[in-house]
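Asks: This is coords-v9.cif (mmCIF, C-alpha atoms and all ligand atoms).
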data_my_file
loop_
_atom_site.label_atom_id
_atom_site.label_comp_id
_atom_site.auth_asym_id
_atom_site.auth_seq_id
_atom_site.Cartn_x
_atom_site.Cartn_y
_atom_site.Cartn_z
CA MET U 202 -5.31 52.30 -52.28
CA ASN U 203 -2.17 54.20 -51.35
CA LYS U 204 1.19 52.56 -51.89
CA SER U 205 3.47 54.92 -49.95
CA GLN U 206 4.03 53.98 -46.31
CA ASN U 207 2.68 56.99 -44.44
CA PRO U 208 0.47 58.73 -46.96
CA ILE U 209 -0.72 62.22 -46.03
CA SER U 210 -3.67 61.91 -48.38
CA PRO U 211 -5.69 59.19 -50.06
CA ASP U 212 -5.16 58.77 -53.78
CA ASN U 213 -7.95 59.37 -56.27
CA THR U 214 -8.92 55.68 -56.39
CA CYS U 215 -9.02 55.14 -52.61
CA GLN U 216 -11.48 52.36 -51.72
CA LEU U 217 -10.91 52.35 -47.97
CA CYS U 218 -14.46 53.61 -47.34
CA PRO U 219 -16.75 51.63 -49.69
CA ARG U 220 -19.74 53.95 -49.20
CA LEU U 221 -17.69 57.07 -50.00
CA ALA U 222 -16.01 55.37 -52.97
CA GLU U 223 -19.43 54.46 -54.37
CA PHE U 224 -20.73 58.00 -53.81
CA ARG U 225 -17.64 59.36 -55.57
CA ALA U 226 -18.16 56.98 -58.53
CA ASN U 227 -21.77 58.11 -58.86
CA ASN U 228 -20.77 61.77 -58.64
CA ARG U 229 -18.21 61.25 -61.40
CA VAL U 230 -21.04 60.10 -63.65
CA LYS U 231 -23.43 62.84 -62.54
CA PHE U 232 -20.91 65.71 -62.57
CA PRO U 233 -18.22 64.59 -65.04
CA ASP U 234 -16.47 67.97 -65.29
CA LYS U 235 -16.03 68.37 -61.51
CA PHE U 236 -13.17 67.35 -59.20
CA ASN U 237 -14.92 64.37 -57.51
CA ALA U 238 -11.88 62.96 -55.65
CA PRO U 239 -10.37 63.05 -52.16
CA VAL U 240 -9.66 66.74 -51.59
CA PRO U 241 -5.99 67.45 -50.84
CA SER U 242 -4.94 69.80 -48.05
CA PHE U 243 -4.26 73.43 -48.92
CA GLY U 244 -1.18 75.33 -47.70
CA SER U 245 2.36 74.59 -46.65
CA LYS U 246 3.55 71.75 -44.43
CA ASP U 247 5.86 74.31 -42.80
CA ALA U 248 2.93 76.27 -41.36
CA GLU U 249 2.48 76.71 -37.60
CA LEU U 250 -1.31 76.64 -37.86
CA LEU U 251 -3.44 73.72 -39.09
CA ILE U 252 -7.18 74.19 -39.58
CA VAL U 253 -9.16 70.95 -39.61
CA GLY U 254 -12.62 70.96 -41.15
CA LEU U 255 -15.17 68.18 -41.37
CA ALA U 256 -15.36 66.92 -44.96
CA PRO U 257 -15.71 68.38 -48.47
CA GLY U 258 -19.12 69.76 -49.35
CA LEU U 259 -20.68 68.14 -52.43
CA LYS U 260 -20.82 71.29 -54.53
CA GLY U 261 -17.99 73.07 -52.71
CA ALA U 262 -14.63 71.38 -52.19
CA ASN U 263 -15.76 68.22 -53.98
CA PHE U 264 -16.48 70.25 -57.11
CA SER U 265 -13.51 72.62 -56.88
CA GLY U 266 -10.79 70.37 -55.40
CA ARG U 267 -9.73 72.87 -52.71
CA PRO U 268 -10.97 72.76 -49.09
CA PHE U 269 -13.81 75.17 -48.32
CA THR U 270 -13.87 76.49 -51.88
CA GLY U 271 -17.24 76.90 -53.54
CA ASP U 272 -19.65 76.80 -50.63
CA PHE U 273 -20.85 79.15 -47.90
CA ALA U 274 -18.45 77.89 -45.21
CA GLY U 275 -15.50 79.04 -47.31
CA GLU U 276 -16.79 82.60 -47.62
CA LEU U 277 -16.59 83.10 -43.86
CA LEU U 278 -13.42 81.05 -43.40
CA TYR U 279 -11.32 82.73 -46.08
CA SER U 280 -12.49 86.28 -45.34
CA THR U 281 -11.51 85.65 -41.71
CA LEU U 282 -8.11 84.23 -42.67
CA ILE U 283 -7.43 87.29 -44.84
CA LYS U 284 -8.52 89.63 -42.01
CA TYR U 285 -6.09 88.00 -39.53
CA GLY U 286 -3.17 87.69 -41.94
CA PHE U 287 -3.40 83.92 -42.45
CA ALA U 288 -4.14 84.41 -46.16
CA THR U 289 -3.34 86.97 -48.83
CA GLY U 290 -4.99 87.78 -52.13
CA GLU U 291 -8.63 87.66 -53.02
CA PHE U 292 -10.92 84.72 -52.38
CA LYS U 293 -13.01 84.14 -55.48
CA ALA U 294 -14.22 80.63 -54.59
CA ARG U 295 -12.09 79.05 -57.33
CA PRO U 296 -8.86 77.09 -56.84
CA ASP U 297 -7.18 79.37 -59.42
CA ASP U 298 -8.11 82.61 -57.62
CA GLY U 299 -4.49 83.05 -56.54
CA LEU U 300 -5.33 83.10 -52.82
CA LYS U 301 -2.29 82.13 -50.73
CA LEU U 302 -2.30 80.85 -47.19
CA VAL U 303 0.22 82.37 -44.79
CA ASN U 304 1.66 80.17 -42.02
CA CYS U 305 -1.49 78.10 -42.24
CA GLN U 306 -2.65 74.82 -43.75
CA ILE U 307 -6.24 73.60 -44.16
CA THR U 308 -7.32 69.98 -44.22
CA ASN U 309 -10.43 67.93 -43.49
CA ALA U 310 -11.03 65.12 -40.99
CA VAL U 311 -12.59 63.16 -43.87
CA ARG U 312 -11.12 63.76 -47.32
CA CYS U 313 -14.00 62.52 -49.49
CA VAL U 314 -17.43 64.05 -49.74
CA PRO U 315 -19.93 62.07 -47.66
CA PRO U 316 -23.63 61.73 -48.56
CA GLU U 317 -25.72 64.36 -46.73
CA ASN U 318 -22.52 65.91 -45.35
CA LYS U 319 -22.46 63.18 -42.70
CA PRO U 320 -19.48 60.82 -42.55
CA LEU U 321 -19.96 57.61 -40.58
CA GLY U 322 -17.86 56.95 -37.48
CA SER U 323 -16.05 54.17 -39.34
CA GLU U 324 -15.19 56.57 -42.20
CA ILE U 325 -13.84 59.17 -39.77
CA ASN U 326 -11.71 56.49 -38.12
CA THR U 327 -10.42 55.19 -41.45
CA CYS U 328 -9.43 58.66 -42.64
CA LEU U 329 -7.75 59.38 -39.29
CA GLU U 330 -4.59 57.70 -40.59
CA PHE U 331 -4.19 60.49 -43.15
CA LEU U 332 -4.74 63.18 -40.52
CA LYS U 333 -2.14 61.56 -38.25
CA ASN U 334 0.37 61.41 -41.09
CA LYS U 335 -0.42 64.98 -42.08
CA ILE U 336 0.22 66.22 -38.53
CA ALA U 337 3.45 64.20 -38.37
CA THR U 338 4.75 65.97 -41.48
CA MET U 339 4.30 69.49 -40.07
CA PRO U 340 7.58 70.21 -38.28
CA ASN U 341 6.57 73.68 -37.07
CA LEU U 342 3.03 72.87 -36.00
CA LYS U 343 2.02 74.82 -32.88
CA LEU U 344 -1.70 75.31 -33.18
CA ILE U 345 -4.68 73.40 -34.54
CA VAL U 346 -8.09 75.01 -35.01
CA SER U 347 -10.81 72.39 -35.11
CA LEU U 348 -13.99 73.37 -36.88
CA GLY U 349 -16.70 71.40 -35.09
CA LEU U 350 -16.91 68.35 -32.86
CA VAL U 351 -16.01 65.75 -35.51
CA SER U 352 -12.78 67.58 -36.18
CA HIS U 353 -12.09 68.04 -32.44
CA ASN U 354 -12.53 64.32 -31.82
CA ALA U 355 -10.40 63.35 -34.81
CA VAL U 356 -7.60 65.67 -33.67
CA LEU U 357 -7.70 64.20 -30.15
CA LYS U 358 -7.52 60.66 -31.55
CA ALA U 359 -4.72 61.64 -33.91
CA HIS U 360 -2.74 62.70 -30.83
CA GLY U 361 -3.56 59.49 -28.96
CA HIS U 362 -5.90 61.16 -26.45
CA LYS U 363 -9.14 59.73 -25.12
CA LEU U 364 -12.16 61.77 -26.14
CA SER U 365 -12.90 62.33 -22.45
CA ALA U 366 -9.55 64.09 -22.00
CA PHE U 367 -10.70 67.38 -23.56
CA LYS U 368 -14.30 68.55 -23.88
CA PHE U 369 -15.32 70.43 -27.02
CA ALA U 370 -16.34 74.04 -26.37
CA HIS U 371 -16.26 77.02 -28.67
CA LYS U 372 -13.09 79.05 -27.94
CA ALA U 373 -11.67 76.42 -25.58
CA ALA U 374 -7.92 75.88 -25.83
CA HIS U 375 -6.45 72.46 -25.00
CA GLU U 376 -2.75 71.66 -24.63
CA LEU U 377 -2.40 68.47 -26.70
CA ASN U 378 1.28 68.07 -25.91
CA ASP U 379 4.34 70.25 -25.19
CA ASP U 380 4.27 71.66 -28.71
CA VAL U 381 0.68 71.77 -29.93
CA THR U 382 -2.44 73.58 -28.67
CA LEU U 383 -5.93 72.86 -29.98
CA ILE U 384 -8.52 75.63 -30.22
CA ASP U 385 -12.14 74.59 -30.78
CA SER U 386 -14.59 76.50 -32.91
CA TYR U 387 -18.11 75.82 -34.00
CA HIS U 388 -18.01 74.88 -37.67
CA CYS U 389 -18.48 77.87 -39.98
CA SER U 390 -21.32 76.12 -41.82
CA LYS U 391 -24.32 77.87 -43.29
CA TYR U 392 -26.51 76.08 -40.73
CA ASN U 393 -24.49 77.28 -37.73
CA THR U 394 -24.31 80.85 -38.97
CA SER U 395 -27.96 81.09 -39.99
CA THR U 396 -29.05 79.74 -36.58
CA LYS U 397 -26.60 82.19 -34.93
CA ARG U 398 -24.84 79.38 -33.09
CA LEU U 399 -21.79 80.93 -34.71
CA THR U 400 -21.68 84.63 -35.54
CA GLU U 401 -18.98 86.36 -37.55
CA PRO U 402 -17.56 88.11 -34.45
CA MET U 403 -17.44 84.74 -32.62
CA PHE U 404 -15.51 83.24 -35.53
CA HIS U 405 -13.17 86.23 -35.69
CA GLU U 406 -12.36 85.75 -31.99
CA ILE U 407 -11.02 82.28 -32.77
CA PHE U 408 -8.44 83.64 -35.22
CA GLU U 409 -7.62 86.60 -32.99
CA LEU U 410 -6.80 84.02 -30.33
CA ALA U 411 -4.84 81.96 -32.85
CA LYS U 412 -2.82 84.99 -33.89
CA ASN U 413 -2.02 85.83 -30.29
CA LYS U 414 -0.86 82.27 -29.61
CA LEU U 415 1.63 82.22 -32.49
N1 LIG C 501 -15.73 72.38 -47.07
C1 LIG C 501 -14.68 71.71 -46.58
O1 LIG C 501 -13.68 71.48 -47.26
N2 LIG C 501 -14.75 71.27 -45.32
C2 LIG C 501 -15.78 71.48 -44.53
O2 LIG C 501 -15.76 71.07 -43.37
C3 LIG C 501 -16.87 72.21 -45.06
C4 LIG C 501 -16.82 72.64 -46.34
#
Let's see the structure in the file written out as structure tokens.
Ligand code: URA

Replies:
Amino acid sequence: MNKSQNPISPDNTCQLCPRLAEFRANNRVKFPDKFNAPVPSFGSKDAELLIVGLAPGLKGANFSGRPFTGDFAGELLYSTLIKYGFATGEFKARPDDGLKLVNCQITNAVRCVPPENKPLGSEINTCLEFLKNKIATMPNLKLIVSLGLVSHNAVLKAHGHKLSAFKFAHKAAHELNDDVTLIDSYHCSKYNTSTKRLTEPMFHEIFELAKNKL
């Protein structure tokens, strides 16, 4: 459990979601040399852009300890961020690859890896506290890019909106308040790209839009 008052991330022993804590304990036994802990956000709190993913992938962020690092989704995300100037360096799918985010921070709606990549509604709601606190500690935040519906819904809730207030649609922009706009994107998962729900040009458009908004 976390002792600080408004924690921006769960600590490595977080037991708030019993199912995720049990999964984590089992993964620590199965993969003892891997990260296997709540994955911290990547990037500076002073950034204007926050990207919110779903949850760490088992063999991606859960293994490496950095969001979107080590699985397919990260290949598309980081190459796009480099293309649009939101990251510099080379992405080598390792947390020590030296890649730096520029005016951008990346976090997940759920910080621990869920079984089958599917967090329960109760787990999303429990982890919402950390997302709220994270958003509250970004003084320059102007834009959030939500990757997928779970992220979109979590971001709406974090801002105190009803889910009916803003409908998820790829490339839709929603004014969350006077300061912050939300842009929706389909998640850059292997499934979405292999089914062509999301193509590389469609994903690039999201960050072109983001760049133009900042
Ligand atoms: N890795 C992450 O960190 N988040 C996702 O949503 C997918 C992969």

Asks: Kindly give the distance, in Å, that separates CA of Arg312 (chain U) and CA of Gly244 (chain U), rounded to a single decimal.

Replies: 15.3 Å

Asks: Distance limit 6 Å, reference ligand LIG 501 (chain C), atoms considered: all atoms listed in the file. Which residues make the cut? Give them as a list in words.

Replies: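 Those within range of ligand LIG 501 (chain C) are Gly254, Leu255, Ala256, Pro257, Gly258, Ala262, Pro268, Phe269, Ala274 and Asn309 of chain U.
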
Asks: Okay, now the selection with C-alpha atoms, as a PDB file, keeping the file's coordinate frame?

Replies:
ATOM      1  CA  GLY U 254     -12.620  70.960 -41.150  1.00  0.00           C
ATOM      2  CA  LEU U 255     -15.170  68.180 -41.370  1.00  0.00           C
ATOM      3  CA  ALA U 256     -15.360  66.920 -44.960  1.00  0.00           C
ATOM      4  CA  PRO U 257     -15.710  68.380 -48.470  1.00  0.00           C
ATOM      5  CA  GLY U 258     -19.120  69.760 -49.350  1.00  0.00           C
ATOM      6  CA  ALA U 262     -14.630  71.380 -52.190  1.00  0.00           C
ATOM      7  CA  PRO U 268     -10.970  72.760 -49.090  1.00  0.00           C
ATOM      8  CA  PHE U 269     -13.810  75.170 -48.320  1.00  0.00           C
ATOM      9  CA  ALA U 274     -18.450  77.890 -45.210  1.00  0.00           C
ATOM     10  CA  ASN U 309     -10.430  67.930 -43.490  1.00  0.00           C
TER      11      ASN U 309
END

Asks: Residues within 10 Å of region 205-211 of chain U, please, as a PyMOL selection string. Count only C-alpha atoms; anything in the same chain fewer than 2 positions from it doesn't count.

Replies: chain U and resi 202-203+213-217+238-242+308+312-313+328+330-338

Asks: What does the file look like for those residues with C-alpha atoms, as a short mmCIF file (atom, residue, chain, number, x, y, z; two decimals), keeping the file's coordinate frame?

Replies:
data_model
loop_
_atom_site.label_atom_id
_atom_site.label_comp_id
_atom_site.auth_asym_id
_atom_site.auth_seq_id
_atom_site.Cartn_x
_atom_site.Cartn_y
_atom_site.Cartn_z
CA MET U 202 -5.31 52.30 -52.28
CA ASN U 203 -2.17 54.20 -51.35
CA ASN U 213 -7.95 59.37 -56.27
CA THR U 214 -8.92 55.68 -56.39
CA CYS U 215 -9.02 55.14 -52.61
CA GLN U 216 -11.48 52.36 -51.72
CA LEU U 217 -10.91 52.35 -47.97
CA ALA U 238 -11.88 62.96 -55.65
CA PRO U 239 -10.37 63.05 -52.16
CA VAL U 240 -9.66 66.74 -51.59
CA PRO U 241 -5.99 67.45 -50.84
CA SER U 242 -4.94 69.80 -48.05
CA THR U 308 -7.32 69.98 -44.22
CA ARG U 312 -11.12 63.76 -47.32
CA CYS U 313 -14.00 62.52 -49.49
CA CYS U 328 -9.43 58.66 -42.64
CA GLU U 330 -4.59 57.70 -40.59
CA PHE U 331 -4.19 60.49 -43.15
CA LEU U 332 -4.74 63.18 -40.52
CA LYS U 333 -2.14 61.56 -38.25
CA ASN U 334 0.37 61.41 -41.09
CA LYS U 335 -0.42 64.98 -42.08
CA ILE U 336 0.22 66.22 -38.53
CA ALA U 337 3.45 64.20 -38.37
CA THR U 338 4.75 65.97 -41.48
#

Asks: Just give me the gap between CA of Cys218 (chain U) and CA of Lys319 (chain U) in Å, one decimal is fine.

Replies: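 Answer for the CA of Cys218 (chain U) to CA of Lys319 (chain U) separation: 13.3 Å.
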
Asks: Box for region 336-340 of chain U - axis-aligned, 6 Å on each of the six sides, all listed atoms - centre and size in Å to one decimal, as JSON.

Replies:
{"center_x": 3.9, "center_y": 67.2, "center_z": -39.9, "size_x": 19.4, "size_y": 18.0, "size_z": 15.2}

Asks: CA of Leu399 (chain U) and CA of Asp298 (chain U) are how many Å apart?

Replies: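 Separating CA of Leu399 (chain U) from CA of Asp298 (chain U) is a distance of 26.7 Å.
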
Asks: Using only C-alpha atoms, which protein or nucleic acid residues come within 7 Å of region 263-265 of chain U? Drop anything in the same chain fewer than 3 positions from it, and give the result as a PyMOL selection string.

Replies: chain U and resi 235-238+240+257-260+270-271+295-296+314

Asks: Please, which residues are within 12 Å of (-10.3, 80.6, -34.1) by the file's coordinates, counting all atoms listed in the file, and could they come as a compact mmCIF listing (two decimals) with C-alpha atoms, in the frame of the given file?

Replies:
# COMPACT_ATOMS: atom_id res chain seq x y z
CA LEU U 250 -1.31 76.64 -37.86
CA LEU U 251 -3.44 73.72 -39.09
CA ILE U 252 -7.18 74.19 -39.58
CA VAL U 253 -9.16 70.95 -39.61
CA LEU U 277 -16.59 83.10 -43.86
CA LEU U 278 -13.42 81.05 -43.40
CA THR U 281 -11.51 85.65 -41.71
CA LEU U 282 -8.11 84.23 -42.67
CA TYR U 285 -6.09 88.00 -39.53
CA PHE U 287 -3.40 83.92 -42.45
CA LEU U 344 -1.70 75.31 -33.18
CA ILE U 345 -4.68 73.40 -34.54
CA VAL U 346 -8.09 75.01 -35.01
CA SER U 347 -10.81 72.39 -35.11
CA LEU U 348 -13.99 73.37 -36.88
CA GLY U 349 -16.70 71.40 -35.09
CA ALA U 370 -16.34 74.04 -26.37
CA HIS U 371 -16.26 77.02 -28.67
CA LYS U 372 -13.09 79.05 -27.94
CA ALA U 373 -11.67 76.42 -25.58
CA ALA U 374 -7.92 75.88 -25.83
CA THR U 382 -2.44 73.58 -28.67
CA LEU U 383 -5.93 72.86 -29.98
CA ILE U 384 -8.52 75.63 -30.22
CA ASP U 385 -12.14 74.59 -30.78
CA SER U 386 -14.59 76.50 -32.91
CA TYR U 387 -18.11 75.82 -34.00
CA HIS U 388 -18.01 74.88 -37.67
CA CYS U 389 -18.48 77.87 -39.98
CA LEU U 399 -21.79 80.93 -34.71
CA GLU U 401 -18.98 86.36 -37.55
CA PRO U 402 -17.56 88.11 -34.45
CA MET U 403 -17.44 84.74 -32.62
CA PHE U 404 -15.51 83.24 -35.53
CA HIS U 405 -13.17 86.23 -35.69
CA GLU U 406 -12.36 85.75 -31.99
CA ILE U 407 -11.02 82.28 -32.77
CA PHE U 408 -8.44 83.64 -35.22
CA GLU U 409 -7.62 86.60 -32.99
CA LEU U 410 -6.80 84.02 -30.33
CA ALA U 411 -4.84 81.96 -32.85
CA LYS U 412 -2.82 84.99 -33.89
CA ASN U 413 -2.02 85.83 -30.29
CA LYS U 414 -0.86 82.27 -29.61

Asks: Could you tell me which of U:Cys305, U:His353, U:Arg267, U:Leu221 comes closest to Asp247 (chain U) if we count all atoms listed in the file?

Replies: U:Cys305

Asks: Go through U:Tyr392, U:Phe243, U:Phe369, U:Phe232 one by one, measure the shortest atom-to-atom distance of each to Asn304 (chain U) using all atoms listed in the file, and give the residue with the smallest value.

Replies: U:Phe243
